[in-house]
$ cat target-v5.cif   # mmCIF, C-alpha atoms
data_work
loop_
_atom_site.label_atom_id
_atom_site.label_comp_id
_atom_site.auth_asym_id
_atom_site.auth_seq_id
_atom_site.Cartn_x
_atom_site.Cartn_y
_atom_site.Cartn_z
CA MET T 1318 -143.04 70.32 58.05
CA LYS T 1319 -142.60 72.73 60.94
CA TYR T 1320 -140.24 72.78 63.86
CA ILE T 1321 -139.46 74.98 66.79
CA SER T 1322 -135.93 75.23 68.08
CA THR T 1323 -134.78 76.98 71.24
CA PHE T 1324 -131.24 77.26 72.49
CA TRP T 1325 -129.17 79.23 74.95
CA ILE T 1326 -125.89 80.97 74.31
CA LEU T 1327 -124.35 80.39 77.74
CA GLY T 1328 -121.34 78.29 78.73
CA LEU T 1329 -119.34 75.35 77.47
CA PHE T 1330 -121.59 72.34 76.77
CA SER T 1331 -124.16 71.18 74.20
CA ILE T 1332 -127.28 69.04 74.63
CA SER T 1333 -129.71 68.02 71.87
CA CYS T 1334 -133.11 66.36 72.26
CA PHE T 1335 -135.38 65.31 69.39
CA THR T 1336 -139.04 64.22 69.71
CA GLN T 1337 -141.46 63.31 66.98
CA ASN T 1338 -145.27 63.34 66.98
CA ASN T 1339 -146.84 62.27 63.69
CA SER T 1340 -145.79 64.83 61.04
CA LYS T 1341 -144.58 67.46 63.50
CA ILE T 1342 -141.01 67.45 64.71
CA THR T 1343 -139.99 69.47 67.75
CA LEU T 1344 -136.28 69.99 68.20
CA THR T 1345 -134.86 71.46 71.37
CA LYS T 1346 -131.19 72.28 71.38
CA THR T 1347 -129.17 73.87 74.15
CA ASP T 1348 -125.91 75.22 72.86
CA SER T 1349 -122.95 76.72 74.60
CA ILE T 1350 -120.72 79.38 73.13
CA VAL T 1351 -118.76 82.20 74.70
CA THR T 1352 -119.92 85.75 74.05
CA LYS T 1353 -118.29 88.69 75.79
CA ASN T 1354 -121.32 90.88 75.09
CA GLY T 1355 -123.81 89.04 77.29
CA GLU T 1356 -126.05 85.97 77.35
CA TYR T 1357 -128.88 85.44 74.91
CA MET T 1358 -131.70 83.00 74.34
CA LEU T 1359 -132.71 82.45 70.72
CA THR T 1360 -135.88 80.75 69.51
CA PHE T 1361 -136.22 79.65 65.88
CA GLU T 1362 -139.61 78.68 64.47
CA GLU T 1363 -140.31 77.62 60.90
CA ILE T 1364 -143.55 79.21 59.68
CA ASP T 1365 -145.51 79.20 56.43
CA SER T 1366 -145.48 81.90 53.77
CA LEU T 1367 -148.97 83.16 54.71
CA ASP T 1368 -147.84 83.84 58.27
CA PHE T 1369 -144.69 85.56 57.01
CA PHE T 1370 -146.33 87.90 54.51
CA SER T 1371 -149.41 88.72 56.59
CA THR T 1372 -147.16 89.65 59.51
CA LYS T 1373 -144.97 91.75 57.24
CA THR T 1374 -147.99 93.64 55.88
CA LYS T 1375 -149.28 94.35 59.38
CA SER T 1376 -145.86 95.42 60.64
CA ASP T 1377 -145.40 98.19 58.06
CA TYR T 1378 -141.65 97.66 58.49
CA LYS T 1379 -139.32 100.00 56.64
CA ASN T 1380 -135.79 98.99 55.69
CA ASP T 1381 -132.80 101.06 56.74
CA VAL T 1382 -131.87 103.73 54.23
CA PHE T 1383 -128.29 104.93 54.58
CA LEU T 1384 -126.75 107.77 52.62
CA THR T 1385 -124.58 105.94 50.07
CA ILE T 1386 -121.80 107.56 48.06
CA THR T 1387 -120.85 105.49 45.04
CA ASP T 1388 -119.16 108.31 43.13
CA PHE T 1389 -115.47 107.64 43.67
CA ASN T 1390 -114.33 111.26 43.41
CA GLU T 1391 -116.84 112.39 46.02
CA ALA T 1392 -115.92 109.52 48.32
CA LYS T 1393 -112.22 110.28 47.86
CA ARG T 1394 -112.89 113.92 48.76
CA GLN T 1395 -114.71 112.93 51.96
CA LEU T 1396 -112.01 110.40 52.83
CA LYS T 1397 -109.11 112.79 52.29
CA ASN T 1398 -106.30 111.98 54.75
CA ILE T 1399 -108.16 108.75 55.65
CA ALA T 1400 -107.82 106.59 52.53
CA GLU T 1401 -105.28 106.39 49.73
CA PHE T 1402 -106.15 104.69 46.43
CA ASP T 1403 -104.39 103.33 43.38
CA GLU T 1404 -106.28 105.07 40.57
CA LYS T 1405 -104.63 103.48 37.55
CA ASP T 1406 -107.93 101.80 36.71
CA LEU T 1407 -110.63 104.32 37.55
CA GLU T 1408 -113.33 101.66 37.26
CA TYR T 1409 -111.66 99.72 40.08
CA PRO T 1410 -109.70 102.08 42.33
CA ILE T 1411 -107.76 99.92 44.78
CA VAL T 1412 -107.35 100.80 48.46
CA LEU T 1413 -103.66 101.22 49.24
CA LYS T 1414 -103.64 102.75 52.72
CA LEU T 1415 -106.31 103.35 55.31
CA HIS T 1416 -106.55 104.51 58.90
CA ASP T 1417 -109.39 105.12 61.34
CA ARG T 1418 -110.55 108.36 62.95
CA GLU T 1419 -108.03 107.83 65.76
CA ASN T 1420 -105.29 107.81 63.11
CA LYS T 1421 -104.54 104.11 63.69
CA ALA T 1422 -103.52 102.24 60.56
CA ILE T 1423 -105.98 99.63 59.24
CA LYS T 1424 -104.37 96.53 57.74
CA ILE T 1425 -105.09 95.97 54.05
CA ASP T 1426 -104.31 92.30 53.37
CA ASP T 1427 -105.44 91.98 49.74
CA TYR T 1428 -106.52 93.96 46.68
CA TYR T 1429 -109.85 95.63 47.39
CA ALA T 1430 -111.65 97.90 44.93
CA PHE T 1431 -113.86 100.80 46.03
CA VAL T 1432 -117.62 100.15 45.98
CA ALA T 1433 -119.23 102.76 48.22
CA TYR T 1434 -118.79 104.98 51.25
CA PHE T 1435 -121.53 105.24 53.90
CA PRO T 1436 -120.85 108.51 55.78
CA GLU T 1437 -123.58 108.02 58.42
CA GLU T 1438 -122.00 104.72 59.46
CA ASP T 1439 -118.49 105.85 58.49
CA ILE T 1440 -118.02 102.56 56.64
CA LEU T 1441 -115.96 102.06 53.48
CA LEU T 1442 -117.26 99.14 51.42
CA CYS T 1443 -114.97 97.47 48.89
CA GLU T 1444 -114.93 94.34 46.77
CA GLY T 1445 -112.24 91.70 46.49
CA GLY T 1446 -111.67 88.63 44.34
CA HIS T 1447 -114.71 86.40 43.68
CA SER T 1448 -116.86 89.46 44.52
CA ILE T 1449 -116.22 89.17 48.26
CA ASP T 1450 -117.30 92.01 50.51
CA ALA T 1451 -114.52 93.90 52.27
CA SER T 1452 -115.65 96.59 54.68
CA PHE T 1453 -113.89 98.91 57.08
CA ASN T 1454 -115.42 100.77 60.01
CA LEU T 1455 -113.49 104.03 60.04
CA LYS T 1456 -114.71 104.91 63.53
CA ASN T 1457 -112.82 102.08 65.18
CA GLY T 1458 -110.86 100.21 62.50
CA GLU T 1459 -112.96 97.03 62.61
CA GLY T 1460 -112.95 94.86 59.48
CA THR T 1461 -115.49 92.89 57.50
CA GLU T 1462 -116.31 90.17 60.07
CA LEU T 1463 -117.46 92.80 62.58
CA THR T 1464 -118.54 95.58 60.21
CA GLY T 1465 -120.58 93.74 57.58
CA ASN T 1466 -122.19 95.28 54.53
CA PRO T 1467 -124.57 98.21 55.22
CA ASP T 1468 -126.74 97.11 52.28
CA ILE T 1469 -127.63 93.99 54.30
CA ILE T 1470 -128.44 95.78 57.57
CA ARG T 1471 -131.98 95.44 58.89
CA SER T 1472 -132.53 97.22 62.21
CA SER T 1473 -135.09 96.37 64.87
CA LEU T 1474 -137.78 98.97 65.47
CA ASN T 1475 -135.95 100.93 68.18
CA LYS T 1476 -132.53 99.93 66.83
CA LYS T 1477 -131.62 97.75 69.79
CA TYR T 1478 -130.47 94.97 67.44
CA ARG T 1479 -129.77 94.69 63.78
CA LEU T 1480 -129.21 91.93 61.27
CA ASN T 1481 -125.97 92.36 59.33
CA GLY T 1482 -123.77 90.23 57.11
CA HIS T 1483 -121.33 90.00 54.24
CA PHE T 1484 -120.61 87.89 51.16
CA GLY T 1485 -117.53 85.72 51.42
CA GLY T 1486 -117.01 84.84 47.77
CA GLN T 1487 -118.63 81.39 47.81
CA GLN T 1488 -122.30 80.54 47.52
CA CYS T 1489 -123.34 81.53 51.02
CA TYR T 1490 -123.31 84.74 53.02
CA SER T 1491 -122.22 85.16 56.61
CA TYR T 1492 -124.94 86.64 58.84
CA PHE T 1493 -124.70 88.02 62.35
CA ILE T 1494 -126.63 90.06 64.91
CA GLN T 1495 -125.31 93.33 66.28
CA ARG T 1496 -126.51 95.00 69.47
CA ARG T 1497 -126.36 98.70 70.20
CA PHE T 1498 -124.16 99.75 73.08
CA LYS T 1499 -124.55 103.50 73.57
CA GLU T 1500 -123.89 104.95 70.11
CA SER T 1501 -122.16 101.98 68.48
CA PHE T 1502 -123.17 98.50 67.34
CA LYS T 1503 -121.23 95.41 68.37
CA LYS T 1504 -121.49 91.89 66.97
CA VAL T 1505 -123.04 89.60 69.60
CA ILE T 1506 -124.31 86.51 67.72
CA GLN T 1507 -123.02 84.68 64.63
CA LEU T 1508 -126.52 84.00 63.40
CA ASP T 1509 -125.83 81.62 60.50
CA GLU T 1510 -123.76 79.28 62.69
CA GLU T 1511 -126.27 79.17 65.54
CA PHE T 1512 -129.17 78.80 63.10
CA GLU T 1513 -127.59 75.75 61.49
CA LYS T 1514 -126.73 74.17 64.84
CA ALA T 1515 -130.30 74.52 66.04
CA THR T 1516 -132.25 73.70 62.87
CA ASN T 1517 -129.91 71.54 60.76
CA THR T 1518 -130.68 74.02 57.97
CA SER T 1519 -128.09 76.25 56.35
CA LEU T 1520 -128.85 79.96 56.48
CA CYS T 1521 -127.10 80.50 53.16
CA VAL T 1522 -128.96 83.41 51.56
CA ILE T 1523 -131.53 85.58 53.31
CA GLY T 1524 -133.96 86.75 50.67
CA ASP T 1525 -136.16 88.95 52.88
CA ALA T 1526 -136.06 90.07 56.50
CA PHE T 1527 -138.00 92.38 58.79
CA TRP T 1528 -138.52 93.01 62.50
CA VAL T 1529 -141.84 93.38 64.31
CA ASN T 1530 -140.27 94.83 67.48
CA ASP T 1531 -136.86 94.89 69.16
CA ASN T 1532 -136.71 91.13 69.71
CA ILE T 1533 -138.52 89.31 66.90
CA LEU T 1534 -137.02 88.97 63.43
CA TYR T 1535 -138.69 87.30 60.46
CA LEU T 1536 -136.51 86.04 57.62
CA THR T 1537 -136.47 83.76 54.60
CA GLU T 1538 -133.84 81.24 53.56
CA ASP T 1539 -133.79 81.71 49.80
CA SER T 1540 -130.62 80.11 48.45
CA ASN T 1541 -132.60 78.32 45.71
CA PHE T 1542 -133.60 81.61 44.05
CA GLY T 1543 -137.26 81.52 45.00
CA VAL T 1544 -137.68 77.74 44.77
CA ASP T 1545 -138.41 75.97 48.08
CA THR T 1546 -138.09 79.19 50.07
CA LYS T 1547 -138.24 78.59 53.84
CA TYR T 1548 -139.74 81.08 56.29
CA PHE T 1549 -138.60 81.59 59.87
CA LYS T 1550 -139.41 83.58 62.98
CA VAL T 1551 -136.44 84.32 65.23
CA GLU T 1552 -136.74 85.66 68.76
CA ILE T 1553 -133.75 87.13 70.60
CA ILE T 1554 -133.85 87.59 74.35
CA ALA T 1555 -130.96 89.04 76.33
CA THR T 1556 -130.76 87.23 79.65
CA GLN T 1557 -128.74 89.94 81.35
#

$ encode --input "target-v5.cif" --output "structure tokens"
Amino acid sequence: MKYISTFWILGLFSISCFTQNNSKITLTKTDSIVTKNGEYMLTFEEIDSLDFFSTKTKSDYKNDVFLTITDFNEAKRQLKNIAEFDEKDLEYPIVLKLHDRENKAIKIDDYYAFVAYFPEEDILLCEGGHSIDASFNLKNGEGTELTGNPDIIRSSLNKKYRLNGHFGGQQCYSYFIQRRFKESFKKVIQLDEEFEKATNTSLCVIGDAFWVNDNILYLTEDSNFGVDTKYFKVEIIATQ
């Protein structure tokens, strides 16, 4: 079964319209949420696996590769005067104190163990209870909800947008879209929430994702570990 869903991120109301023609269901949903970073139109289309993989092969897309420091001593050296750790258990050094490059303190609200440091992004990635992601953008002090996990990042071809996300300790991940503003990326769309509103399908685990340009993202919903994988094409259009 295939459906196409289009909705606008605009104002303060929501309209849904469903039509059915034999085995094909077309769902059109206009949604209203507030975003301070502009207005966007999103189109979701469920596709088949052949379309997904043939497009991926033709696109020759390459995933982001960030310099990743997992050696704690090297990370600690690079984060001298930025981060302070409890090193009683060297397998799980805990972040005690942290501040950004403007010397503003970053709140640490739980026990988070060091995982990796990404110097190009200036992001410290840690892990909390239930294996949750905890990340800190040292450029501006932003936390996990806005920073995400660099291992999840998939950038569009000219890096106008990028898919990002983080694991929250339960079954599902949280996924969002960031847009580049000058030299920094800002979260503009909570993708998993808008995806579910428009398609009535949970975007729980993205198994694969790639871009074909700066506006079209292909992804799979793969929360069943390869069983009943669903394939989607997502188009993002900024309306201003």

$ closest_residue --input "target-v5.cif" --among "T:Gly1485, T:Asp1406, T:Asp1368, T:Ala1555" --to "T:Asp1531" --atoms "all atoms listed in the file"
T:Ala1555

$ atom_distance --input "target-v5.cif" --atom1 "atom CA of T:Tyr1409" --atom2 "atom CA of T:Asp1439"
20.6 Å

$ closest_residue --input "target-v5.cif" --among "T:Ile1554, T:Arg1497, T:Gly1482, T:Ser1473" --to "T:Tyr1378" --atoms "only C-alpha atoms"
T:Ser1473

$ atom_distance --input "target-v5.cif" --atom1 "atom CA of T:Tyr1357" --atom2 "atom CA of T:Glu1552"
10.0 Å

$ resolve_selection --input "target-v5.cif" --expression "the PyMOL selection byres ((chain T and resi 1469) around 8)" --output "PyMOL selection string"
chain T and resi 1465-1468+1470-1471+1480-1483

$ atom_distance --input "target-v5.cif" --atom1 "atom CA of T:Asp1545" --atom2 "atom CA of T:Cys1489"
16.3 Å

$ resolve_selection --input "target-v5.cif" --expression "the PyMOL selection byres ((chain T and resi 1530) around 9)" --output "PDB file with C-alpha atoms, keeping the file's coordinate frame"
ATOM      1  CA  SER T1376    -145.860  95.420  60.640  1.00  0.00           C
ATOM      2  CA  SER T1473    -135.090  96.370  64.870  1.00  0.00           C
ATOM      3  CA  LEU T1474    -137.780  98.970  65.470  1.00  0.00           C
ATOM      4  CA  ASN T1475    -135.950 100.930  68.180  1.00  0.00           C
ATOM      5  CA  TRP T1528    -138.520  93.010  62.500  1.00  0.00           C
ATOM      6  CA  VAL T1529    -141.840  93.380  64.310  1.00  0.00           C
ATOM      7  CA  ASP T1531    -136.860  94.890  69.160  1.00  0.00           C
ATOM      8  CA  ASN T1532    -136.710  91.130  69.710  1.00  0.00           C
ATOM      9  CA  ILE T1533    -138.520  89.310  66.900  1.00  0.00           C
ATOM     10  CA  LEU T1534    -137.020  88.970  63.430  1.00  0.00           C
TER      11      LEU T1534
END

$ resolve_selection --input "target-v5.cif" --expression "the PyMOL selection byres ((chain T and resi 1410) around 9)" --output "PyMOL selection string"
chain T and resi 1389+1402-1409+1411-1412+1429-1432

$ residues_near_point --input "target-v5.cif" --point "(-126.4, 92.8, 66.0)" --cutoff "8 Å" --atoms "only C-alpha atoms" --output "VMD selection string"
chain T and resid 1478 to 1481 1493 to 1497 1502 to 1506

$ closest_residue --input "target-v5.cif" --among "T:Leu1396, T:Ile1553, T:Leu1455, T:Leu1536" --to "T:Asp1365" --atoms "all atoms listed in the file"
T:Leu1536

$ closest_residue --input "target-v5.cif" --among "T:Ile1523, T:Ala1451, T:Met1358, T:Ile1364" --to "T:Tyr1428" --atoms "all atoms listed in the file"
T:Ala1451

$ residues_around --input "target-v5.cif" --residues "T:Ser1540" --least-positions-apart "4" --cutoff "12 Å" --atoms "all atoms listed in the file" --output "PyMOL selection string"
chain T and resi 1488-1490+1518-1525+1544-1547

$ write_last_selection --input "target-v5.cif" --atoms "C-alpha atoms" --output "PDB file, keeping the file's coordinate frame"
ATOM      1  CA  GLN T1488    -122.300  80.540  47.520  1.00  0.00           C
ATOM      2  CA  CYS T1489    -123.340  81.530  51.020  1.00  0.00           C
ATOM      3  CA  TYR T1490    -123.310  84.740  53.020  1.00  0.00           C
ATOM      4  CA  THR T1518    -130.680  74.020  57.970  1.00  0.00           C
ATOM      5  CA  SER T1519    -128.090  76.250  56.350  1.00  0.00           C
ATOM      6  CA  LEU T1520    -128.850  79.960  56.480  1.00  0.00           C
ATOM      7  CA  CYS T1521    -127.100  80.500  53.160  1.00  0.00           C
ATOM      8  CA  VAL T1522    -128.960  83.410  51.560  1.00  0.00           C
ATOM      9  CA  ILE T1523    -131.530  85.580  53.310  1.00  0.00           C
ATOM     10  CA  GLY T1524    -133.960  86.750  50.670  1.00  0.00           C
ATOM     11  CA  ASP T1525    -136.160  88.950  52.880  1.00  0.00           C
ATOM     12  CA  VAL T1544    -137.680  77.740  44.770  1.00  0.00           C
ATOM     13  CA  ASP T1545    -138.410  75.970  48.080  1.00  0.00           C
ATOM     14  CA  THR T1546    -138.090  79.190  50.070  1.00  0.00           C
ATOM     15  CA  LYS T1547    -138.240  78.590  53.840  1.00  0.00           C
TER      16      LYS T1547
END

$ residues_around --input "target-v5.cif" --residues "stretch 1423-1427 of chain T" --least-positions-apart "3" --cutoff "8 Å" --atoms "all atoms listed in the file" --output "number ranges by chain"
T: 1412-1417, 1445, 1458

$ closest_residue --input "target-v5.cif" --among "T:Phe1549, T:Thr1556, T:Cys1443, T:Glu1362" --to "T:Thr1387" --atoms "only C-alpha atoms"
T:Cys1443

$ closest_residue --input "target-v5.cif" --among "T:Val1551, T:Gln1487, T:Gly1460, T:Gly1355" --to "T:Thr1516" --atoms "all atoms listed in the file"
T:Val1551
